[in-house]
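What follows is the content of coords_9.cif (mmCIF, C-alpha atoms).
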```cif
data_my_file
loop_
_atom_site.group_PDB
_atom_site.id
_atom_site.type_symbol
_atom_site.label_atom_id
_atom_site.label_comp_id
_atom_site.auth_asym_id
_atom_site.auth_seq_id
_atom_site.Cartn_x
_atom_site.Cartn_y
_atom_site.Cartn_z
ATOM 1 C CA MET A 1 115.845 205.697 135.571
ATOM 2 C CA LEU A 2 113.091 205.984 138.154
ATOM 3 C CA GLY A 3 114.599 207.127 141.429
ATOM 4 C CA SER A 4 118.089 207.765 140.063
ATOM 5 C CA ILE A 5 120.082 210.778 141.204
ATOM 6 C CA GLU A 6 119.998 212.334 137.739
ATOM 7 C CA SER A 7 116.206 211.964 137.555
ATOM 8 C CA ARG A 8 115.845 214.174 140.623
ATOM 9 C CA PHE A 9 117.337 217.180 138.828
ATOM 10 C CA PRO A 10 114.827 219.528 137.169
ATOM 11 C CA GLN A 11 115.268 220.090 133.453
ATOM 12 C CA ARG A 12 116.650 223.601 134.012
ATOM 13 C CA SER A 13 119.422 222.162 136.168
ATOM 14 C CA ILE A 14 120.093 219.480 133.552
ATOM 15 C CA LEU A 15 120.550 222.150 130.860
ATOM 16 C CA ALA A 16 122.862 224.127 133.145
ATOM 17 C CA ILE A 17 124.969 221.009 133.718
ATOM 18 C CA ASP A 18 125.031 220.453 129.944
ATOM 19 C CA VAL A 19 126.543 223.911 129.506
ATOM 20 C CA LEU A 20 129.113 223.280 132.241
ATOM 21 C CA VAL A 21 130.109 219.947 130.695
ATOM 22 C CA VAL A 22 130.537 221.560 127.272
ATOM 23 C CA LEU A 23 132.608 224.412 128.713
ATOM 24 C CA TRP A 24 134.698 221.980 130.756
ATOM 25 C CA THR A 25 135.370 219.857 127.668
ATOM 26 C CA LEU A 26 136.212 222.825 125.450
ATOM 27 C CA ALA A 27 138.544 224.335 128.059
ATOM 28 C CA TRP A 28 140.604 221.171 128.387
ATOM 29 C CA VAL A 29 140.656 220.553 124.629
ATOM 30 C CA VAL A 30 141.928 224.087 124.008
ATOM 31 C CA LEU A 31 144.523 223.711 126.769
ATOM 32 C CA GLY A 32 145.639 220.365 125.347
ATOM 33 C CA VAL A 33 146.023 221.789 121.851
ATOM 34 C CA ALA A 34 147.937 224.814 123.162
ATOM 35 C CA VAL A 35 150.351 222.779 125.273
ATOM 36 C CA GLY A 36 150.804 220.215 122.502
ATOM 37 C CA SER A 37 151.633 222.971 120.037
ATOM 38 C CA PHE A 38 154.142 224.474 122.461
ATOM 39 C CA VAL A 39 155.871 221.130 122.963
ATOM 40 C CA ALA A 40 155.888 220.532 119.197
ATOM 41 C CA ARG A 41 157.825 223.785 118.717
ATOM 42 C CA LEU A 42 160.634 222.291 120.766
ATOM 43 C CA GLY A 43 161.190 219.976 117.820
ATOM 44 C CA ALA A 44 162.775 222.940 116.021
ATOM 45 C CA ALA A 45 166.029 222.006 117.767
ATOM 46 C CA GLY A 46 165.934 218.637 116.062
ATOM 47 C CA GLU A 47 165.147 220.236 112.727
ATOM 48 C CA GLY A 48 168.093 222.612 113.173
ATOM 49 C CA LEU A 49 170.364 219.684 113.955
ATOM 50 C CA GLU A 50 169.103 217.863 110.885
ATOM 51 C CA ASP A 51 169.779 220.905 108.714
ATOM 52 C CA ALA A 52 173.282 221.195 110.205
ATOM 53 C CA GLY A 53 173.939 217.571 109.330
ATOM 54 C CA GLY A 54 172.892 218.249 105.752
ATOM 55 C CA ALA A 55 175.294 221.172 105.590
ATOM 56 C CA ILE A 56 178.113 218.994 106.885
ATOM 57 C CA VAL A 57 177.369 216.402 104.214
ATOM 58 C CA ARG A 58 177.541 219.078 101.546
ATOM 59 C CA ALA A 59 180.862 220.271 102.971
ATOM 60 C CA GLY A 60 182.162 216.735 102.630
ATOM 61 C CA ASP A 61 181.093 216.696 99.010
ATOM 62 C CA SER A 62 183.035 219.908 98.460
ATOM 63 C CA VAL A 63 186.126 218.437 100.070
ATOM 64 C CA GLU A 64 185.803 215.351 97.893
ATOM 65 C CA SER A 65 186.182 217.552 94.826
ATOM 66 C CA LEU A 66 189.795 218.160 95.939
ATOM 67 C CA SER A 67 190.597 214.460 95.708
ATOM 68 C CA ASP A 68 191.625 214.936 92.057
ATOM 69 C CA LEU A 69 194.635 216.997 93.107
ATOM 70 C CA PRO A 70 197.920 215.160 92.508
ATOM 71 C CA LEU A 71 199.867 213.820 95.461
ATOM 72 C CA VAL A 72 197.408 215.012 98.189
ATOM 73 C CA GLY A 73 194.142 213.980 96.516
ATOM 74 C CA GLU A 74 193.892 210.646 98.337
ATOM 75 C CA GLY A 75 193.970 212.388 101.705
ATOM 76 C CA PHE A 76 191.093 214.695 100.741
ATOM 77 C CA ASP A 77 189.037 211.713 99.648
ATOM 78 C CA THR A 78 189.432 210.071 103.039
ATOM 79 C CA LEU A 79 188.640 213.341 104.833
ATOM 80 C CA ALA A 80 185.540 213.868 102.695
ATOM 81 C CA GLY A 81 184.209 210.421 103.652
ATOM 82 C CA GLU A 82 184.664 211.161 107.349
ATOM 83 C CA ILE A 83 182.933 214.532 107.000
ATOM 84 C CA ARG A 84 179.994 213.015 105.149
ATOM 85 C CA GLY A 85 179.660 210.301 107.810
ATOM 86 C CA LEU A 86 179.582 212.930 110.538
ATOM 87 C CA GLY A 87 176.935 214.882 108.620
ATOM 88 C CA ARG A 88 174.737 211.825 108.161
ATOM 89 C CA ASP A 89 174.962 210.953 111.880
ATOM 90 C CA THR A 90 174.073 214.518 112.817
ATOM 91 C CA SER A 91 171.069 214.519 110.477
ATOM 92 C CA GLU A 92 169.859 211.190 111.865
ATOM 93 C CA ARG A 93 170.058 212.446 115.430
ATOM 94 C CA GLY A 94 168.187 215.612 114.504
ATOM 95 C CA ARG A 95 165.480 213.596 112.783
ATOM 96 C CA SER A 96 165.183 211.313 115.807
ATOM 97 C CA ILE A 97 164.863 214.286 118.172
ATOM 98 C CA ARG A 98 162.198 215.849 115.947
ATOM 99 C CA ASP A 99 160.162 212.618 115.829
ATOM 100 C CA ASP A 100 160.414 212.107 119.590
ATOM 101 C CA VAL A 101 159.276 215.662 120.268
ATOM 102 C CA ASP A 102 156.340 215.278 117.862
ATOM 103 C CA ARG A 103 155.210 212.102 119.640
ATOM 104 C CA LEU A 104 155.623 213.788 123.016
ATOM 105 C CA ALA A 105 153.546 216.749 121.843
ATOM 106 C CA VAL A 106 150.724 214.443 120.757
ATOM 107 C CA LEU A 107 150.810 212.482 124.022
ATOM 108 C CA VAL A 108 150.880 215.583 126.217
ATOM 109 C CA GLY A 109 148.160 217.346 124.243
ATOM 110 C CA ALA A 110 145.903 214.277 124.115
ATOM 111 C CA GLY A 111 146.472 213.568 127.797
ATOM 112 C CA LEU A 112 145.480 217.076 128.803
ATOM 113 C CA ALA A 113 142.495 217.151 126.467
ATOM 114 C CA LEU A 114 141.096 213.680 127.148
ATOM 115 C CA GLY A 115 142.197 212.863 130.703
ATOM 116 C CA PRO A 116 139.863 215.271 132.547
ATOM 117 C CA THR A 117 137.032 215.128 129.969
ATOM 118 C CA ILE A 118 136.529 211.424 129.182
ATOM 119 C CA PRO A 119 135.447 210.449 132.741
ATOM 120 C CA VAL A 120 132.995 213.350 132.883
ATOM 121 C CA LEU A 121 131.542 212.511 129.470
ATOM 122 C CA VAL A 122 131.275 208.805 130.305
ATOM 123 C CA LEU A 123 129.435 209.573 133.538
ATOM 124 C CA TRP A 124 127.170 212.285 132.123
ATOM 125 C CA VAL A 125 126.363 211.557 128.478
ATOM 126 C CA PRO A 126 124.710 208.087 128.764
ATOM 127 C CA PRO A 127 122.140 209.076 131.442
ATOM 128 C CA ARG A 128 121.631 212.385 129.652
ATOM 129 C CA LEU A 129 120.766 210.609 126.399
ATOM 130 C CA SER A 130 118.547 208.199 128.313
ATOM 131 C CA ARG A 131 116.666 211.124 129.843
ATOM 132 C CA GLU A 132 116.094 212.699 126.435
ATOM 133 C CA ARG A 133 114.802 209.397 125.031
ATOM 134 C CA GLU A 134 112.471 209.139 128.004
ATOM 135 C CA ARG A 135 111.185 212.684 127.488
ATOM 136 C CA ARG A 136 110.485 211.952 123.818
ATOM 137 C CA ALA A 137 108.681 208.729 124.716
ATOM 138 C CA LEU A 138 106.576 210.551 127.301
ATOM 139 C CA THR A 139 105.759 213.280 124.789
ATOM 140 C CA ARG A 140 104.549 210.680 122.264
ATOM 141 C CA SER A 141 102.424 208.960 124.892
ATOM 142 C CA LEU A 142 100.932 212.253 126.068
ATOM 143 C CA ARG A 143 100.037 213.207 122.502
ATOM 144 C CA ALA A 144 98.448 209.813 121.957
ATOM 145 C CA GLY A 145 96.308 210.383 125.040
ATOM 146 C CA ASP A 146 96.493 206.758 126.190
ATOM 147 C CA GLY A 147 96.785 207.627 129.894
ATOM 148 C CA LEU A 148 99.909 205.527 130.391
ATOM 149 C CA ALA A 149 102.203 208.546 130.609
ATOM 150 C CA MET A 150 99.984 210.225 133.214
ATOM 151 C CA SER A 151 100.050 207.129 135.411
ATOM 152 C CA TYR A 152 103.820 206.802 134.994
ATOM 153 C CA LEU A 153 104.431 210.488 135.758
ATOM 154 C CA ALA A 154 102.313 210.347 138.902
ATOM 155 C CA ASN A 155 104.145 207.236 140.137
ATOM 156 C CA ARG A 156 107.474 208.830 139.272
ATOM 157 C CA ALA A 157 106.575 211.993 141.185
ATOM 158 C CA VAL A 158 105.772 210.000 144.329
ATOM 159 C CA ALA A 159 108.993 207.999 143.944
ATOM 160 C CA THR A 160 111.412 210.850 143.236
ATOM 161 C CA ARG A 161 110.003 214.151 144.457
ATOM 162 C CA GLY A 162 110.657 215.416 147.936
ATOM 163 C CA PHE A 163 108.000 215.254 150.643
ATOM 164 C CA ARG A 164 107.520 219.014 150.768
ATOM 165 C CA GLU A 165 107.080 219.163 146.998
ATOM 166 C CA LEU A 166 104.393 216.501 147.145
ATOM 167 C CA GLN A 167 102.637 218.283 149.994
ATOM 168 C CA ARG A 168 102.296 221.397 147.853
ATOM 169 C CA VAL A 169 100.158 219.567 145.302
ATOM 170 C CA SER A 170 98.426 216.877 147.337
ATOM 171 C CA ASP A 171 97.276 216.338 150.905
ATOM 172 C CA ASP A 172 97.736 212.572 150.526
ATOM 173 C CA PRO A 173 99.901 211.695 147.496
ATOM 174 C CA VAL A 174 99.722 207.954 148.095
ATOM 175 C CA ALA A 175 95.941 208.005 148.326
ATOM 176 C CA ASP A 176 95.724 210.088 145.150
ATOM 177 C CA LEU A 177 98.002 207.619 143.415
ATOM 178 C CA THR A 178 96.099 204.509 144.455
ATOM 179 C CA SER A 179 92.721 206.080 143.649
ATOM 180 C CA GLY A 180 93.798 207.160 140.166
ATOM 181 C CA ARG A 181 93.859 210.912 140.787
ATOM 182 C CA TYR A 182 96.991 211.571 138.729
ATOM 183 C CA GLU A 183 96.513 215.158 137.568
ATOM 184 C CA ALA A 184 98.311 217.087 140.340
ATOM 185 C CA LEU A 185 101.116 214.580 140.739
ATOM 186 C CA ALA A 186 101.652 214.228 136.992
ATOM 187 C CA LYS A 187 101.664 218.002 136.561
ATOM 188 C CA LEU A 188 104.417 218.252 139.175
ATOM 189 C CA GLU A 189 106.563 215.832 137.192
ATOM 190 C CA LEU A 190 105.715 217.517 133.886
ATOM 191 C CA GLU A 191 107.047 220.790 135.270
ATOM 192 C CA HIS A 192 110.118 218.970 136.559
ATOM 193 C CA LEU A 193 110.831 217.564 133.079
ATOM 194 C CA SER A 194 109.831 220.821 131.319
ATOM 195 C CA LEU A 195 107.209 219.030 129.242
ATOM 196 C CA ARG A 196 104.397 221.173 127.947
ATOM 197 C CA THR A 197 100.817 220.575 128.945
ATOM 198 C CA THR A 198 98.148 220.965 126.283
ATOM 199 C CA PRO A 199 94.355 221.355 126.520
ATOM 200 C CA ARG A 200 94.032 217.763 125.324
ATOM 201 C CA LEU A 201 96.382 216.624 128.078
ATOM 202 C CA ALA A 202 94.421 218.581 130.678
ATOM 203 C CA ALA A 203 91.198 216.971 129.499
ATOM 204 C CA LEU A 204 92.809 213.540 129.692
ATOM 205 C CA ALA A 205 94.057 214.206 133.198
ATOM 206 C CA GLY A 206 90.599 215.290 134.284
ATOM 207 C CA ALA A 207 89.055 212.187 132.790
ATOM 208 C CA LEU A 208 91.549 209.948 134.551
ATOM 209 C CA SER A 209 91.019 211.738 137.838
ATOM 210 C CA SER A 210 87.232 211.400 137.646
ATOM 211 C CA ARG A 211 87.296 207.734 136.599
ATOM 212 C CA PRO A 212 86.520 205.301 139.440
ATOM 213 C CA ALA A 213 89.531 203.372 140.596
ATOM 214 C CA SER A 214 89.543 199.638 139.957
ATOM 215 C CA PRO A 215 89.963 197.089 142.746
ATOM 216 C CA GLU A 216 93.283 196.120 141.206
ATOM 217 C CA ALA A 217 94.532 199.654 141.819
ATOM 218 C CA GLY A 218 94.211 199.036 145.538
ATOM 219 C CA ASP A 219 91.015 201.088 146.123
ATOM 220 C CA ARG A 220 89.348 200.013 149.354
ATOM 221 C CA ARG A 221 86.364 201.791 150.894
ATOM 222 C CA THR A 222 85.916 201.329 154.629
ATOM 223 C CA VAL A 223 82.441 201.512 156.156
ATOM 224 C CA ARG A 224 82.214 202.877 159.641
ATOM 225 C CA VAL A 225 81.599 200.188 162.235
ATOM 226 C CA PRO A 226 78.862 201.252 164.681
ATOM 227 C CA ALA A 227 79.415 201.008 168.363
ATOM 228 C CA ASP A 228 77.883 198.160 170.353
ATOM 229 C CA ASP A 229 74.872 200.254 171.376
ATOM 230 C CA GLU A 230 74.215 201.483 167.821
ATOM 231 C CA THR A 231 72.264 199.725 165.091
ATOM 232 C CA TRP A 232 73.098 199.252 161.443
ATOM 233 C CA GLY A 233 70.171 200.303 159.317
ATOM 234 C CA GLY A 234 67.834 199.917 162.275
ATOM 235 C CA GLN A 235 69.175 196.438 163.154
ATOM 236 C CA ASP A 236 71.876 195.124 165.364
ATOM 237 C CA SER A 237 75.204 195.517 163.652
ATOM 238 C CA ASN A 238 78.348 193.532 163.268
ATOM 239 C CA PRO A 239 81.681 195.019 162.104
ATOM 240 C CA ARG A 240 81.842 194.861 158.343
ATOM 241 C CA HIS A 241 84.234 196.157 155.736
ATOM 242 C CA GLU A 242 83.803 196.464 152.041
ATOM 243 C CA GLY A 243 86.891 195.379 150.116
#
```
Represent the structure from my file as structure tokens, please.
Amino acid sequence: MLGSIESRFPQRSILAIDVLVVLWTLAWVVLGVAVGSFVARLGAAGEGLEDAGGAIVRAGDSVESLSDLPLVGEGFDTLAGEIRGLGRDTSERGRSIRDDVDRLAVLVGAGLALGPTIPVLVLWVPPRLSRERERRALTRSLRAGDGLAMSYLANRAVATRGFRELQRVSDDPVADLTSGRYEALAKLELEHLSLRTTPRLAALAGALSSRPASPEAGDRRTVRVPADDETWGGQDSNPRHEG
């Protein structure tokens, strides 16, 4: 996460983006539900057609009751069958229209709700969760007082903070980093991440800052080389450097 675009945002900006993402998601979900509900109401036409088909079937049943009449009864029986067939076809078409409209309502509503929100959530949520895990890990390390978090925060500040920000807390950030003076740089990153500093943390930072840097940390002290007409400790000198 060191050096990533998201890591350059202060915690206040991260929280503001969280709010915007939530509002964005809610707005599209509400719009999707509203449009889906509106489309679903169009299925009332199919329901009406289905009800009409049922009424036609019942009319056919009524006509069939006339089939017992002498002489003309056979004709009513045939007519009743045709009426019932028409009613069943009408009901089937109404049911089909209703089902199609219901599926369309779900597709339209889900498309509106998920289309604009899924990409935003995929891009934002994983690094956001990673940042929170990192903040918790840093908090545990700071409470333990092992010095690892201070070193990491100072390195992170040099890697991710702007030049002007670093100049406000250190005349030579790189020199402070290599010599183990982490307090100012780490404090800059603590403020950036909105992590609290405690008296114990301040004491730890002071101890780390006052501790001599090890050769492995890259600490090199240069001794001034006298000019040719000068002497080194009262003797002729040669250029020397301490590593």
Report summary line: Restricting to only C-alpha atoms, whichever of A:Ala113, A:Ile97, A:Ile56, A:Leu86 is closest to Leu26 (chain A) is A:Ala113
Report task. Could you jot down the CA of Val39 (chain A) to CA of Val108 (chain A) separation for me, Å, one decimal place? Result -> 8.1 Å
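The space separating CA of Gly53 (chain A) from CA of Arg88 (chain A) comes to 5.9 Å.
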Requested in this report: Figure out the distance between CA of Ala184 (chain A) and CA of Arg8 (chain A), please, to one decimal in Å.
Outcome: 17.8 Å
Given the file shown, enumerate the residues that the PyMOL selection byres ((chain A and resi 131-139) around 10) captures and present them as a PDB file with C-alpha atoms, in the coordinates of the input.
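Printed below is selection_2.pdb as written:
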```
ATOM      1  CA  MET A   1     115.845 205.697 135.571  1.00  0.00           C
ATOM      2  CA  GLU A   6     119.998 212.334 137.739  1.00  0.00           C
ATOM      3  CA  SER A   7     116.206 211.964 137.555  1.00  0.00           C
ATOM      4  CA  GLN A  11     115.268 220.090 133.453  1.00  0.00           C
ATOM      5  CA  ILE A  14     120.093 219.480 133.552  1.00  0.00           C
ATOM      6  CA  VAL A 125     126.363 211.557 128.478  1.00  0.00           C
ATOM      7  CA  PRO A 126     124.710 208.087 128.764  1.00  0.00           C
ATOM      8  CA  PRO A 127     122.140 209.076 131.442  1.00  0.00           C
ATOM      9  CA  ARG A 128     121.631 212.385 129.652  1.00  0.00           C
ATOM     10  CA  LEU A 129     120.766 210.609 126.399  1.00  0.00           C
ATOM     11  CA  SER A 130     118.547 208.199 128.313  1.00  0.00           C
ATOM     12  CA  ARG A 140     104.549 210.680 122.264  1.00  0.00           C
ATOM     13  CA  SER A 141     102.424 208.960 124.892  1.00  0.00           C
ATOM     14  CA  LEU A 142     100.932 212.253 126.068  1.00  0.00           C
ATOM     15  CA  ARG A 143     100.037 213.207 122.502  1.00  0.00           C
ATOM     16  CA  ALA A 144      98.448 209.813 121.957  1.00  0.00           C
ATOM     17  CA  GLY A 145      96.308 210.383 125.040  1.00  0.00           C
ATOM     18  CA  LEU A 148      99.909 205.527 130.391  1.00  0.00           C
ATOM     19  CA  ALA A 149     102.203 208.546 130.609  1.00  0.00           C
ATOM     20  CA  MET A 150      99.984 210.225 133.214  1.00  0.00           C
ATOM     21  CA  TYR A 152     103.820 206.802 134.994  1.00  0.00           C
ATOM     22  CA  LEU A 153     104.431 210.488 135.758  1.00  0.00           C
ATOM     23  CA  LEU A 190     105.715 217.517 133.886  1.00  0.00           C
ATOM     24  CA  LEU A 193     110.831 217.564 133.079  1.00  0.00           C
ATOM     25  CA  SER A 194     109.831 220.821 131.319  1.00  0.00           C
ATOM     26  CA  LEU A 195     107.209 219.030 129.242  1.00  0.00           C
ATOM     27  CA  ARG A 196     104.397 221.173 127.947  1.00  0.00           C
ATOM     28  CA  THR A 197     100.817 220.575 128.945  1.00  0.00           C
TER      29      THR A 197
END
```
Query raised in the report: Which one of A:Tyr182, A:Phe163, A:Phe38, A:Phe9 sits closest to Ser151 (chain A) if you count all atoms listed in the file?
Result: A:Tyr182
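Residues matching the PyMOL selection byres ((chain A and resi 34) around 12) in this structure come to Ala27, Trp28, Val29, Val30, Leu31, Gly32, Val33, Val35, Gly36, Ser37, Phe38, Val39, Ala40, Arg41, Ala105, Val106, Val108, Gly109, Ala110, Leu112 and Ala113 of chain A.
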Report task. Given the file shown, determine the residues that the PyMOL selection byres ((chain A and resi 46) around 7) selects; report them as a ChimeraX atom specification. Result -> /A:43-45,47-50,94-95,97-98
